[in-house]
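Following: one structure in structure tokens, then a few remarks.
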Amino acid sequence: MSDHDQLNLARYVPGLLTFLANKLATGASLCYRKHFGIGVVEWRMLSMLAVESDITANRICQAIGLDKSAVSRSLQTLEAAGRVRSQVDPKDARSYSVSLTEAGKALHDRVLKVAMERERRLLSGLSAAEVDTLVDLLGRLHAQVPYVNDYEPVEG
């Protein structure tokens, strides 16, 4: 096996992004469960609904890239705890729109302070200009995802 037949994990960008995201998500989940009784997926639902209210589970899936079953489970957990409410979508009676309750908004506001401090710590080794560059680069990579996911290898 030659050197070019294996990944250089120190430079393989999808791996670096995945490893970073996994470690951040695990740490966030431990922190949020300990202090707020929710996991990172529930936090993602709360934060999405704080930005965009009265949306469908499908919209949440599209926006944050989680599969429908994970979103559905998290929304059921949040609804049972009184943090979100769902109602028949007036635009489409076959689906439901979801929004935060007052309790959900209050929980969001408490967790947001912790999430922002975690972000501050993550970025503390970068200058403001480097953070701007990072955000720009991540946005550009995000825009490439459909192109990447459209790739079909030729069998052979």
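Each chain in the structure tokens gets a letter, A, B and so on, in the order shown; residues start at 1 in every chain, and ligands are counted from 1 in the order they appear.
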Distance query Val84 in chain A at most 7 Å, only C-alpha atoms, self and fewer than 5 positions along chain excluded, as number ranges by chain: A: 78-79, 98-101, 104
Using only C-alpha atoms, find each residue of range 76-136 of chain A with at least one atom at most 12 Å away from an atom of range 37-48 of chain A; report its shortest atom-to-atom pair and that distance in Å (one decimal), sort the rows by chain and rising residue number, and return the result as CSV.
```
residue,atom,partner,partner_atom,distance
A:Gln76,CA,A:Glu42,CA,9.9
A:Thr77,CA,A:Glu42,CA,8.1
A:Leu78,CA,A:Glu42,CA,7.1
A:Glu79,CA,A:Glu42,CA,10.6
A:Ala81,CA,A:Ile38,CA,10.2
A:Arg83,CA,A:Leu46,CA,8.4
A:Val84,CA,A:Leu46,CA,8.2
A:Arg85,CA,A:Leu46,CA,11.5
A:Val98,CA,A:Met45,CA,9.8
A:Ser99,CA,A:Leu46,CA,8.9
A:Leu100,CA,A:Leu46,CA,7.2
A:Thr101,CA,A:Leu46,CA,10.1
A:Glu102,CA,A:Leu46,CA,11.6
A:Ala103,CA,A:Leu46,CA,10.8
A:Gly104,CA,A:Leu46,CA,7.0
A:Lys105,CA,A:Leu46,CA,7.8
A:Ala106,CA,A:Leu46,CA,10.2
A:Leu107,CA,A:Leu46,CA,8.3
A:His108,CA,A:Leu46,CA,6.0
A:Asp109,CA,A:Ser47,CA,9.2
A:Arg110,CA,A:Trp43,CA,10.9
A:Val111,CA,A:Trp43,CA,7.8
A:Leu112,CA,A:Ser47,CA,8.0
A:Lys113,CA,A:Ser47,CA,11.8
A:Val114,CA,A:Trp43,CA,11.2
A:Ala115,CA,A:Trp43,CA,9.4
A:Met116,CA,A:Ser47,CA,11.8
```
Backbone DSSP call of helix (DSSP H, G or I) for chain A, listed as JSON, numbers by chain: {"A": [3, 4, 5, 13, 14, 15, 16, 17, 18, 19, 20, 21, 22, 23, 24, 25, 26, 27, 28, 29, 30, 31, 32, 33, 34, 35, 36, 40, 41, 42, 43, 44, 45, 46, 47, 48, 49, 50, 51, 57, 58, 59, 60, 61, 62, 63, 64, 68, 69, 70, 71, 72, 73, 74, 75, 76, 77, 78, 79, 80, 102, 103, 104, 105, 106, 107, 108, 109, 110, 111, 112, 113, 114, 115, 116, 117, 118, 119, 120, 121, 122, 123, 128, 129, 130, 131, 132, 133, 134, 135, 136, 137, 138, 139, 140, 141, 142, 143, 144, 145, 146, 147, 148, 149]}
Pick from A:Gly65, A:Arg118, A:Leu123, A:Tyr147 nearest to Tyr32 in chain A, counting only C-alpha atoms: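 Looking only at the distances to Tyr32 in chain A, the closest residue turns out to be A:Arg118.
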Interatomic distance, CA of Ala63 in chain A to CA of Leu126 in chain A (Å, one decimal): 27.0 Å
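Note that the spacing between CA of Ser86 in chain A and CA of Ala57 in chain A amounts to 9.8 Å.
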A:Thr26, A:Thr133, A:Thr18, A:Ser74 ranked by distance to Ile60 in chain A, top pick (using only C-alpha atoms): A:Ser74
Backbone DSSP call of strand (DSSP E or B) for range 11-148 of chain A, listed as JSON, numbers by chain: {"A": [55, 56, 84, 85, 86, 87, 88, 89, 92, 93, 94, 95, 96, 97, 98, 99, 100]}
Export of the given selection (C-alpha atoms) as a PDB file, in the first residue's frame:
```
ATOM      1  CA  ILE A  55     -42.066  25.862  10.946  1.00  0.00           C
ATOM      2  CA  THR A  56     -42.428  22.222  10.002  1.00  0.00           C
ATOM      3  CA  VAL A  84     -42.617  23.404  22.105  1.00  0.00           C
ATOM      4  CA  ARG A  85     -46.120  23.154  20.737  1.00  0.00           C
ATOM      5  CA  SER A  86     -47.230  21.779  17.415  1.00  0.00           C
ATOM      6  CA  GLN A  87     -50.347  22.623  15.476  1.00  0.00           C
ATOM      7  CA  VAL A  88     -51.767  21.689  12.107  1.00  0.00           C
ATOM      8  CA  ASP A  89     -49.974  23.763   9.483  1.00  0.00           C
ATOM      9  CA  ASP A  92     -50.812  22.151   4.564  1.00  0.00           C
ATOM     10  CA  ALA A  93     -53.248  20.176   6.738  1.00  0.00           C
ATOM     11  CA  ARG A  94     -51.060  17.058   6.351  1.00  0.00           C
ATOM     12  CA  SER A  95     -48.205  18.565   8.348  1.00  0.00           C
ATOM     13  CA  TYR A  96     -47.665  20.341  11.629  1.00  0.00           C
ATOM     14  CA  SER A  97     -45.867  23.548  12.395  1.00  0.00           C
ATOM     15  CA  VAL A  98     -43.834  23.829  15.573  1.00  0.00           C
ATOM     16  CA  SER A  99     -43.118  26.821  17.791  1.00  0.00           C
ATOM     17  CA  LEU A 100     -41.582  27.519  21.186  1.00  0.00           C
TER      18      LEU A 100
END
```
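Note that CA of Gly15 in chain A and CA of Val71 in chain A are 24.1 Å apart.
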